[in-house]
file upload-v2.txt (compact mmCIF, C-alpha atoms and all ligand atoms)
# COMPACT_ATOMS: atom_id res chain seq x y z
CA MET A 237 5.97 14.92 -3.75
CA SER A 238 5.84 11.22 -4.53
CA ASN A 239 2.55 9.38 -4.93
CA TYR A 240 2.88 7.96 -1.45
CA ASP A 241 3.86 11.30 0.13
CA VAL A 242 0.48 12.60 -0.99
CA ILE A 243 -1.34 9.56 0.41
CA ARG A 244 0.61 9.68 3.66
CA GLU A 245 -0.18 13.34 4.18
CA ARG A 246 -3.88 12.62 3.64
CA LEU A 247 -3.69 9.69 6.05
CA GLU A 248 -2.01 11.80 8.74
CA ALA A 249 -4.70 14.44 8.26
CA GLY A 250 -7.40 11.88 9.03
CA GLU A 251 -8.68 11.53 5.48
CA LEU A 252 -9.96 8.18 4.25
CA ILE A 253 -7.64 6.15 2.03
CA ILE A 254 -9.19 3.47 -0.17
CA LEU A 255 -7.17 0.28 -0.54
CA ASP A 256 -7.80 -2.16 -3.39
CA GLY A 257 -9.62 -5.50 -3.08
CA GLY A 258 -8.79 -9.19 -3.51
CA ILE A 259 -6.02 -10.04 -5.95
CA GLY A 260 -5.53 -13.83 -5.81
CA THR A 261 -9.25 -14.52 -5.49
CA GLU A 262 -10.07 -12.08 -8.28
CA ILE A 263 -7.64 -13.95 -10.54
CA LEU A 264 -9.60 -17.14 -9.77
CA ARG A 265 -12.92 -15.40 -10.33
CA ARG A 266 -11.65 -14.44 -13.78
CA ASN A 267 -11.13 -18.12 -14.51
CA LEU A 268 -7.38 -18.14 -14.36
CA SER A 269 -5.39 -20.53 -12.23
CA TRP A 270 -3.61 -19.05 -9.27
CA ALA A 271 -0.48 -21.10 -10.01
CA ASP A 272 2.64 -19.05 -10.80
CA HIS A 273 0.67 -15.94 -9.70
CA GLN A 274 0.26 -15.33 -13.45
CA VAL A 275 2.72 -12.43 -13.23
CA THR A 276 4.73 -13.97 -16.02
CA GLY A 277 2.06 -16.35 -17.40
CA SER A 278 -0.76 -13.82 -17.93
CA PRO A 279 0.71 -10.36 -17.37
CA ASP A 280 -2.13 -8.66 -19.27
CA ALA A 281 -4.71 -10.14 -16.91
CA ILE A 282 -2.82 -9.03 -13.81
CA ARG A 283 -2.16 -5.53 -15.16
CA GLY A 284 -5.84 -5.31 -16.16
CA LEU A 285 -6.92 -6.27 -12.65
CA HIS A 286 -4.79 -3.51 -11.11
CA GLU A 287 -6.23 -1.09 -13.67
CA ASP A 288 -9.76 -2.08 -12.66
CA TYR A 289 -8.99 -1.32 -9.02
CA ILE A 290 -7.49 2.07 -9.89
CA ARG A 291 -10.54 2.92 -12.00
CA ALA A 292 -12.76 1.79 -9.13
CA GLY A 293 -11.15 4.45 -6.94
CA ALA A 294 -8.35 2.72 -5.02
CA ASP A 295 -5.71 5.13 -3.70
CA VAL A 296 -3.34 2.28 -2.91
CA ILE A 297 -3.01 -0.86 -5.02
CA THR A 298 -1.21 -4.00 -3.87
CA THR A 299 1.16 -6.17 -5.89
CA ASN A 300 0.24 -9.74 -6.79
CA SER A 301 2.99 -11.20 -4.65
CA PHE A 302 1.28 -13.21 -1.93
CA GLN A 303 3.85 -15.54 -0.37
CA LEU A 304 6.38 -15.02 -3.15
CA ALA A 305 9.46 -15.96 -1.18
CA ARG A 306 12.46 -18.17 -1.85
CA ARG A 307 11.21 -20.39 0.97
CA SER A 308 7.97 -21.12 -0.92
CA PHE A 309 9.99 -22.84 -3.65
CA LEU A 310 12.65 -24.35 -1.42
CA SER A 311 10.06 -26.01 0.84
CA HIS A 312 9.27 -28.51 -1.94
CA PHE A 313 12.80 -29.95 -1.70
CA ARG A 314 14.99 -31.72 0.86
CA ASP A 315 17.37 -28.75 0.92
CA GLU A 316 19.10 -26.24 -1.38
CA ALA A 317 21.42 -28.88 -2.84
CA HIS A 318 18.42 -31.10 -3.72
CA MET A 319 16.64 -28.13 -5.31
CA ARG A 320 19.70 -27.38 -7.44
CA GLN A 321 19.99 -31.02 -8.44
CA VAL A 322 16.42 -31.87 -9.37
CA GLY A 323 14.62 -28.52 -9.53
CA ALA A 324 14.05 -26.37 -12.58
CA ALA A 325 16.94 -24.09 -13.47
CA GLU A 326 17.13 -20.78 -11.64
CA LEU A 327 14.50 -21.82 -9.08
CA GLY A 328 16.56 -20.12 -6.38
CA ALA A 329 16.09 -16.78 -8.15
CA ARG A 330 12.45 -17.35 -9.19
CA ALA A 331 10.84 -15.59 -6.22
CA ALA A 332 12.91 -12.44 -6.66
CA GLU A 333 12.19 -12.33 -10.40
CA MET A 334 8.46 -12.76 -9.84
CA LEU A 335 8.40 -10.15 -7.09
CA ALA A 336 10.03 -7.64 -9.41
CA ALA A 337 7.59 -8.58 -12.19
CA SER A 338 4.61 -8.11 -9.87
CA VAL A 339 5.76 -4.58 -9.04
CA GLU A 340 6.37 -3.79 -12.69
CA LEU A 341 2.78 -4.77 -13.62
CA ALA A 342 1.34 -2.51 -10.90
CA LYS A 343 3.52 0.38 -12.12
CA GLU A 344 2.38 -0.16 -15.70
CA ALA A 345 -1.27 -0.19 -14.59
CA ARG A 346 -0.79 3.11 -12.76
CA ALA A 347 0.93 4.66 -15.76
CA ASN A 348 -1.96 3.50 -17.97
CA VAL A 349 -5.00 4.64 -16.01
CA ALA A 350 -4.23 6.76 -12.93
CA ALA A 351 -4.67 9.88 -15.05
CA GLY A 352 -2.88 12.31 -12.74
CA ARG A 353 -4.39 10.93 -9.51
CA SER A 354 -1.93 9.95 -6.77
CA VAL A 355 -2.01 6.17 -6.59
CA ALA A 356 0.57 4.39 -4.44
CA ILE A 357 1.88 0.89 -5.01
CA ALA A 358 2.14 -1.29 -1.93
CA GLY A 359 4.37 -4.35 -2.16
CA ALA A 360 2.30 -7.14 -0.59
CA VAL A 361 4.32 -9.33 1.77
CA THR A 362 2.94 -11.92 4.16
CA THR A 363 4.23 -14.51 6.59
CA LEU A 364 7.01 -16.78 5.32
CA GLU A 365 5.11 -19.95 6.18
CA TRP A 366 1.34 -20.45 5.89
CA CYS A 367 -0.38 -17.25 6.97
CA PHE A 368 -2.90 -18.76 9.40
CA ARG A 369 -0.26 -20.85 11.21
CA PRO A 370 2.05 -18.70 13.33
CA ASP A 371 3.21 -21.92 15.01
CA LEU A 372 5.00 -22.83 11.75
CA ALA A 373 6.96 -19.57 11.57
CA PRO A 374 10.74 -20.00 11.17
CA PRO A 375 13.11 -18.88 13.93
CA ALA A 376 13.60 -15.12 14.13
CA HIS A 377 17.12 -15.13 12.65
CA GLU A 378 15.93 -16.95 9.51
CA MET A 379 12.86 -14.72 9.33
CA ARG A 380 15.08 -11.63 9.57
CA SER A 381 17.34 -12.53 6.64
CA GLU A 382 14.48 -13.80 4.45
CA TYR A 383 12.33 -10.72 5.02
CA ARG A 384 15.33 -8.52 4.35
CA GLU A 385 15.89 -10.29 1.02
CA ILE A 386 12.25 -9.69 0.01
CA MET A 387 12.23 -6.05 1.14
CA ASP A 388 15.44 -5.32 -0.79
CA VAL A 389 13.86 -6.68 -3.98
CA MET A 390 10.72 -4.64 -3.35
CA ALA A 391 12.75 -1.46 -2.76
CA GLU A 392 14.86 -2.05 -5.85
CA ALA A 393 11.72 -2.67 -7.95
CA GLY A 394 10.32 0.68 -6.83
CA VAL A 395 7.34 0.07 -4.55
CA ASP A 396 6.04 3.12 -2.67
CA LEU A 397 5.46 1.21 0.55
CA ILE A 398 5.14 -2.31 1.93
CA LEU A 399 1.86 -3.85 3.00
CA LEU A 400 2.91 -6.53 5.47
CA GLU A 401 -0.39 -8.38 5.62
CA THR A 402 -2.26 -11.36 7.04
CA VAL A 403 0.21 -11.52 9.92
CA ASN A 404 -0.92 -13.07 13.19
CA SER A 405 2.02 -12.98 15.55
CA VAL A 406 3.83 -10.02 17.05
CA THR A 407 7.25 -11.49 16.22
CA GLU A 408 6.51 -11.86 12.52
CA ALA A 409 5.07 -8.36 12.36
CA THR A 410 8.01 -6.83 14.16
CA VAL A 411 10.70 -8.63 12.19
CA GLY A 412 8.99 -7.92 8.85
CA LEU A 413 8.44 -4.26 9.69
CA GLU A 414 12.03 -3.89 10.83
CA ALA A 415 13.26 -5.39 7.55
CA ALA A 416 11.10 -2.98 5.55
CA ARG A 417 12.38 0.01 7.50
CA GLN A 418 15.98 -1.17 7.05
CA ALA A 419 15.37 -1.30 3.31
CA GLY A 420 14.26 2.32 3.52
CA LEU A 421 10.57 1.56 2.98
CA ARG A 422 7.47 2.92 4.70
CA CYS A 423 5.19 0.12 5.85
CA TRP A 424 1.59 -0.73 6.79
CA VAL A 425 0.99 -3.84 8.88
CA GLY A 426 -2.21 -5.90 8.58
CA PHE A 427 -3.17 -8.41 11.28
CA VAL A 428 -5.53 -11.37 11.17
CA CYS A 429 -7.43 -11.67 14.43
CA ASP A 430 -9.88 -14.12 15.97
CA GLU A 431 -13.49 -13.42 16.89
CA ARG A 432 -12.32 -11.76 20.13
CA GLY A 433 -9.96 -9.43 18.30
CA ALA A 434 -6.78 -11.20 19.50
CA LEU A 435 -3.99 -12.58 17.30
CA PHE A 436 -3.82 -16.36 16.69
CA THR A 437 -0.91 -16.57 19.14
CA GLY A 438 -3.19 -15.21 21.88
CA GLU A 439 -1.30 -11.92 21.83
CA THR A 440 -3.44 -8.79 21.95
CA MET A 441 -3.59 -5.68 19.78
CA ALA A 442 -2.02 -3.88 22.74
CA ASP A 443 0.95 -6.28 22.62
CA ALA A 444 1.24 -5.66 18.88
CA GLU A 445 1.04 -1.88 19.12
CA LYS A 446 3.63 -1.76 21.89
CA ALA A 447 6.12 -3.81 19.84
CA LEU A 448 5.49 -2.04 16.53
CA ALA A 449 5.31 1.59 17.68
CA PRO A 450 9.10 2.17 17.94
CA LEU A 451 9.42 1.05 14.29
CA GLU A 452 6.83 3.62 13.20
CA PRO A 453 4.41 1.78 10.93
CA ASP A 454 2.40 4.35 8.95
CA ALA A 455 -0.81 2.38 9.54
CA VAL A 456 -1.91 -0.77 11.34
CA LEU A 457 -4.86 -2.68 9.96
CA VAL A 458 -7.03 -5.75 10.44
CA ASN A 459 -7.31 -7.96 7.36
CA CYS A 460 -8.44 -11.32 5.98
CA VAL A 461 -11.17 -11.88 8.54
CA PRO A 462 -14.96 -11.81 8.05
CA PRO A 463 -16.59 -8.37 8.45
CA ASP A 464 -17.87 -9.07 12.00
CA ASP A 465 -14.44 -10.08 13.27
CA ALA A 466 -12.99 -7.09 11.44
CA THR A 467 -15.25 -4.83 13.50
CA THR A 468 -14.08 -6.49 16.73
CA GLY A 469 -10.40 -6.39 15.75
CA LEU A 470 -10.66 -2.77 14.65
CA ARG A 471 -12.27 -1.81 17.97
CA GLU A 472 -9.41 -3.49 19.89
CA LEU A 473 -6.83 -1.81 17.68
CA LEU A 474 -8.35 1.68 17.91
CA ALA A 475 -8.43 1.36 21.70
CA VAL A 476 -4.64 1.06 21.87
CA ARG A 477 -3.36 3.01 18.87
CA SER A 478 -3.54 6.73 18.19
CA GLY A 479 -1.89 6.56 14.74
CA PRO A 480 -3.74 5.61 11.54
CA CYS A 481 -5.72 2.34 11.65
CA GLY A 482 -7.71 0.53 9.01
CA VAL A 483 -9.52 -2.58 7.93
CA TYR A 484 -9.95 -4.79 4.86
CA PRO A 485 -12.02 -7.90 5.48
CA HIS A 486 -12.55 -10.94 3.30
CA ILE A 487 -15.89 -12.11 1.95
CA GLY A 488 -16.75 -15.77 1.44
CA ARG A 489 -15.05 -18.91 2.65
CA PHE A 490 -11.55 -20.29 2.31
CA ASP A 491 -11.78 -23.44 0.16
CA PRO A 492 -8.16 -24.64 -0.02
CA PRO A 493 -6.30 -24.00 -2.17
CA GLU A 494 -8.90 -21.70 -3.68
CA TRP A 495 -11.83 -19.59 -2.52
CA PHE A 496 -15.56 -20.16 -2.21
CA PHE A 497 -17.39 -17.01 -3.23
CA THR A 498 -20.63 -16.19 -1.43
CA ASP A 499 -23.15 -13.42 -1.98
CA GLU A 500 -23.42 -12.59 1.74
CA TYR A 501 -21.84 -9.20 1.25
CA PRO A 502 -22.75 -7.61 -2.06
CA PRO A 503 -21.18 -4.14 -2.48
CA PRO A 504 -24.01 -2.15 -0.80
CA ARG A 505 -23.85 -4.34 2.32
CA LEU A 506 -20.08 -4.05 2.55
CA LEU A 507 -20.49 -0.28 2.22
CA GLU A 508 -22.89 -0.32 5.17
CA GLU A 509 -20.27 -2.10 7.30
CA ALA A 510 -17.56 0.24 6.04
CA ARG A 511 -19.59 3.30 7.08
CA ARG A 512 -19.51 1.92 10.61
CA TRP A 513 -15.73 1.34 10.43
CA ARG A 514 -15.22 4.89 9.20
CA GLU A 515 -17.33 6.23 12.08
CA MET A 516 -15.31 4.15 14.52
CA GLY A 517 -12.16 5.84 13.21
CA ALA A 518 -10.75 3.69 10.39
CA ARG A 519 -8.64 5.74 7.97
CA VAL A 520 -7.84 2.94 5.52
CA ILE A 521 -10.62 0.73 4.15
CA GLY A 522 -10.47 -1.84 1.36
CA GLY A 523 -11.07 -5.52 0.75
CA CYS A 524 -9.22 -8.81 1.10
CA CYS A 525 -10.04 -12.23 -0.39
CA GLY A 526 -13.34 -12.45 -2.25
CA THR A 527 -13.81 -8.71 -2.74
CA THR A 528 -13.95 -7.33 -6.26
CA PRO A 529 -13.52 -4.02 -8.10
CA ASP A 530 -17.29 -3.52 -7.68
CA HIS A 531 -16.88 -3.64 -3.90
CA ILE A 532 -14.04 -1.12 -4.03
CA ARG A 533 -16.06 1.17 -6.31
CA ALA A 534 -18.95 1.09 -3.83
CA LEU A 535 -16.58 1.99 -0.97
CA ALA A 536 -14.78 4.75 -2.89
CA THR A 537 -18.03 6.29 -4.08
CA GLY A 538 -20.12 5.77 -0.95
CA LEU A 539 -17.56 6.70 1.69
CA ASN A 540 -16.20 9.75 -0.12
CA SER A 541 -19.61 11.32 -0.75
ZN ZN B 601 -7.48 -12.39 2.47

call {"tool": "encode", "arguments": {"input": "upload-v2.txt", "output": "structure tokens"}}
result
Amino acid sequence: MSNYDVIRERLEAGELIILDGGIGTEILRRNLSWADHQVTGSPDAIRGLHEDYIRAGADVITTNSFQLARRSFLSHFRDEAHMRQVGAAELGARAAEMLAASVELAKEARANVAAGRSVAIAGAVTTLEWCFRPDLAPPAHEMRSEYREIMDVMAEAGVDLILLETVNSVTEATVGLEAARQAGLRCWVGFVCDERGALFTGETMADAEKALAPLEPDAVLVNCVPPDDATTGLRELLAVRSGPCGVYPHIGRFDPPEWFFTDEYPPPRLLEEARRWREMGARVIGGCCGTTPDHIRALATGLNS
């Protein structure tokens, strides 16, 4: 059985799966710039971060690939011709190369420290435009081909599953999930919700579940929201979905383009919240922006005892 087969079987059986914590914010906290994702600039730091999450007890680790898409580079230029004319060489292929490198670093970390435990690697993919602005999303036909391009690179690089995260519209979730399934990949979908537990488009968790169910996501989660909103979103989600659900909130405040760390939720307090999520029925629990390996260790130790 593959690493993810083991995890998936546990998930289906109702066991708790621990997801890792913040990646981009943890890079910042370690005094590295977020620019270039550091997958090629500081590979040792990124591999080390994945290793720390595995040692902390994460069953699933996520690649450092937030918004690595061709569009992220192209959007700085008038069009493709302008990018070719004035951009750095090979910019058109940069996203794919960095995606593959991000997967490679996660695989190396697992080989180094998983020590026989089943640890799955989730390729992290988010919205193609800014993740809190579903109104900026490209038309569905563009979304379809761009997601397909990303998923094919992820599959080729050898991820165990896709974590389609920080999504807040049903269309983006459906198109992304479909692309993952077409690339032969299992997929978890993570939604951002507002304080009422609805998506930013006004769509509900019921709308989302209805659209996603035929595409068989292995888990649906709430992510990148403060713990209180996570509780509300999780409650809405559990009310409409019988399959595996989960939650991984952020801690602190978004301070564009970086993150403002707060001490509102030290590991023991996050564990307290997580105990409630587990009782409510969450089967996947981890952390988003601002969470650290210490938070994940507290969850893995506290929730599994
Ligand atoms: Zn986040």

call {"tool": "closest_residue", "arguments": {"input": "upload-v2.txt", "among": "A:Leu372, A:Ala409, A:Leu264, A:Ile259", "to": "ligand ZN 601 (chain B)", "atoms": "only C-alpha atoms and all ligand atoms"}}
result
A:Ile259

call {"tool": "closest_residue", "arguments": {"input": "upload-v2.txt", "among": "A:Arg283, A:Arg422, A:Arg417, A:His486", "to": "ligand ZN 601 (chain B)", "atoms": "all atoms listed in the file"}}
result
A:His486

call {"tool": "residues_near_ligand", "arguments": {"input": "upload-v2.txt", "ligand": "ligand ZN 601 (chain B)", "cutoff": "6 Å", "atoms": "all atoms listed in the file", "output": "PDB file with C-alpha atoms, in the coordinates of the input"}}
result
ATOM      1  CA  CYS A 460      -8.440 -11.320   5.980  1.00  0.00           C
ATOM      2  CA  HIS A 486     -12.550 -10.940   3.300  1.00  0.00           C
ATOM      3  CA  CYS A 524      -9.220  -8.810   1.100  1.00  0.00           C
ATOM      4  CA  CYS A 525     -10.040 -12.230  -0.390  1.00  0.00           C
TER       5      CYS A 525
END

call {"tool": "closest_atom_pairs", "arguments": {"input": "upload-v2.txt", "of": "stretch 342-394 of chain A", "to": "stretch 299-305 of chain A", "cutoff": "9 Å", "atoms": "all atoms listed in the file", "output": "CSV"}}
result
residue,atom,partner,partner_atom,distance
A:Ala342,CA,A:Thr299,CA,6.2
A:Ile357,CA,A:Thr299,CA,7.2
A:Ala358,CA,A:Thr299,CA,6.4
A:Gly359,CA,A:Thr299,CA,5.2
A:Ala360,CA,A:Thr299,CA,5.5
A:Val361,CA,A:Phe302,CA,6.2
A:Thr362,CA,A:Gln303,CA,5.9
A:Thr363,CA,A:Gln303,CA,7.0
A:Leu364,CA,A:Gln303,CA,6.6
A:Glu365,CA,A:Gln303,CA,8.0
A:Trp366,CA,A:Gln303,CA,8.3
A:Cys367,CA,A:Gln303,CA,8.6
A:Glu382,CA,A:Ala305,CA,7.8
A:Tyr383,CA,A:Ala305,CA,8.6
A:Glu385,CA,A:Ala305,CA,8.9
A:Ile386,CA,A:Ala305,CA,7.0

call {"tool": "residues_around", "arguments": {"input": "upload-v2.txt", "residues": "stretch 491-496 of chain A", "least_positions_apart": "2", "cutoff": "9 Å", "atoms": "only C-alpha atoms", "output": "MDAnalysis selection string"}}
result
chainID A and resid 260:261 264:265 270 488:489 498 525:526

call {"tool": "closest_residue", "arguments": {"input": "upload-v2.txt", "among": "A:Thr298, A:Gln274, A:Ser338, A:Ser308", "to": "A:Leu400", "atoms": "only C-alpha atoms"}}
result
A:Thr298

call {"tool": "axis_aligned_box", "arguments": {"input": "upload-v2.txt", "around": "stretch 422-432 of chain A", "padding_each_side": "5 Å", "output": "lines of an AutoDock Vina configuration file"}}
result
center_x = -3.0
center_y = -5.6
center_z = 12.4
size_x = 31.0
size_y = 27.0
size_z = 25.4

call {"tool": "closest_residue", "arguments": {"input": "upload-v2.txt", "among": "A:Ala325, A:Ile254, A:Leu268, A:Leu473", "to": "A:Leu539", "atoms": "only C-alpha atoms"}}
result
A:Ile254

call {"tool": "atom_distance", "arguments": {"input": "upload-v2.txt", "atom1": "atom CA of A:Leu470", "atom2": "atom CA of A:Ala444"}}
result
13.0 Å

call {"tool": "atom_distance", "arguments": {"input": "upload-v2.txt", "atom1": "atom CA of A:Gly277", "atom2": "atom CA of A:Lys343"}}
result
17.6 Å

call {"tool": "atom_distance", "arguments": {"input": "upload-v2.txt", "atom1": "atom CA of A:Glu472", "atom2": "atom CA of A:Phe427"}}
result
11.7 Å

call {"tool": "residues_around", "arguments": {"input": "upload-v2.txt", "residues": "A:Arg511", "least_positions_apart": "4", "cutoff": "10 Å", "atoms": "all atoms listed in the file", "output": "list of chain:residue names"}}
result
A:Arg505, A:Leu506, A:Leu507, A:Glu515, A:Met516, A:Gly517, A:Ala518, A:Ile521, A:Leu535, A:Gly538, A:Leu539

call {"tool": "write_last_selection", "arguments": {"input": "upload-v2.txt", "atoms": "C-alpha atoms", "output": "CSV table (one decimal), in the coordinates of the input"}}
result
chain,number,residue,atom,x,y,z
A,505,ARG,CA,-23.8,-4.3,2.3
A,506,LEU,CA,-20.1,-4.0,2.6
A,507,LEU,CA,-20.5,-0.3,2.2
A,515,GLU,CA,-17.3,6.2,12.1
A,516,MET,CA,-15.3,4.2,14.5
A,517,GLY,CA,-12.2,5.8,13.2
A,518,ALA,CA,-10.8,3.7,10.4
A,521,ILE,CA,-10.6,0.7,4.2
A,535,LEU,CA,-16.6,2.0,-1.0
A,538,GLY,CA,-20.1,5.8,-1.0
A,539,LEU,CA,-17.6,6.7,1.7

call {"tool": "residues_around", "arguments": {"input": "upload-v2.txt", "residues": "A:His286", "least_positions_apart": "4", "cutoff": "12 Å", "atoms": "all atoms listed in the file", "output": "number ranges by chain"}}
result
A: 255-260, 262-263, 275, 279-282, 290-300, 338-350, 355-358, 528-529, 532

call {"tool": "closest_residue", "arguments": {"input": "upload-v2.txt", "among": "A:Glu414, A:Arg320, A:Pro374, A:Ile253", "to": "A:Gly522", "atoms": "all atoms listed in the file"}}
result
A:Ile253

call {"tool": "residues_around", "arguments": {"input": "upload-v2.txt", "residues": "A:Met237", "least_positions_apart": "4", "cutoff": "12 Å", "atoms": "only C-alpha atoms", "output": "PDB file with C-alpha atoms, keeping the file's coordinate frame"}}
result
ATOM      1  CA  ASP A 241       3.860  11.300   0.130  1.00  0.00           C
ATOM      2  CA  VAL A 242       0.480  12.600  -0.990  1.00  0.00           C
ATOM      3  CA  ILE A 243      -1.340   9.560   0.410  1.00  0.00           C
ATOM      4  CA  ARG A 244       0.610   9.680   3.660  1.00  0.00           C
ATOM      5  CA  GLU A 245      -0.180  13.340   4.180  1.00  0.00           C
ATOM      6  CA  SER A 354      -1.930   9.950  -6.770  1.00  0.00           C
ATOM      7  CA  ALA A 356       0.570   4.390  -4.440  1.00  0.00           C
ATOM      8  CA  ASP A 396       6.040   3.120  -2.670  1.00  0.00           C
TER       9      ASP A 396
END

call {"tool": "build_atoms", "arguments": {"input": "upload-v2.txt", "residues": "stretch 360-375 of chain A", "atoms": "N, CA and C atoms", "output": "short mmCIF file (atom, residue, chain, number, x, y, z; two decimals), keeping the file's coordinate frame"}}
result
data_model
loop_
_atom_site.label_atom_id
_atom_site.label_comp_id
_atom_site.auth_asym_id
_atom_site.auth_seq_id
_atom_site.Cartn_x
_atom_site.Cartn_y
_atom_site.Cartn_z
N ALA A 360 2.97 -6.25 -1.54
CA ALA A 360 2.30 -7.14 -0.59
C ALA A 360 3.26 -8.24 -0.14
N VAL A 361 3.45 -8.31 1.17
CA VAL A 361 4.32 -9.33 1.77
C VAL A 361 3.56 -9.97 2.92
N THR A 362 3.61 -11.29 3.02
CA THR A 362 2.94 -11.92 4.16
C THR A 362 3.92 -12.78 4.95
N THR A 363 3.38 -13.64 5.79
CA THR A 363 4.23 -14.51 6.59
C THR A 363 5.03 -15.43 5.67
N LEU A 364 6.15 -15.94 6.15
CA LEU A 364 7.01 -16.78 5.32
C LEU A 364 6.45 -18.19 5.20
N GLU A 365 5.82 -18.67 6.25
CA GLU A 365 5.11 -19.95 6.18
C GLU A 365 3.62 -19.66 6.05
N TRP A 366 2.76 -20.66 6.15
CA TRP A 366 1.34 -20.45 5.89
C TRP A 366 0.76 -19.39 6.84
N CYS A 367 -0.03 -18.47 6.25
CA CYS A 367 -0.38 -17.25 6.97
C CYS A 367 -1.32 -17.44 8.16
N PHE A 368 -2.03 -18.57 8.24
CA PHE A 368 -2.90 -18.76 9.40
C PHE A 368 -2.25 -19.65 10.46
N ARG A 369 -0.94 -19.93 10.30
CA ARG A 369 -0.26 -20.85 11.21
C ARG A 369 1.01 -20.23 11.79
N PRO A 370 0.86 -19.32 12.74
CA PRO A 370 2.05 -18.70 13.33
C PRO A 370 2.96 -19.72 14.01
N ASP A 371 2.39 -20.89 14.37
CA ASP A 371 3.21 -21.92 15.01
C ASP A 371 4.25 -22.51 14.05
N LEU A 372 4.05 -22.31 12.74
CA LEU A 372 5.00 -22.83 11.75
C LEU A 372 6.11 -21.83 11.40
N ALA A 373 6.01 -20.64 11.94
CA ALA A 373 6.96 -19.57 11.57
C ALA A 373 8.40 -20.00 11.85
N PRO A 374 9.33 -19.65 10.95
CA PRO A 374 10.74 -20.00 11.17
C PRO A 374 11.31 -19.20 12.35
N PRO A 375 12.46 -19.64 12.85
CA PRO A 375 13.11 -18.88 13.93
C PRO A 375 13.42 -17.46 13.48
#
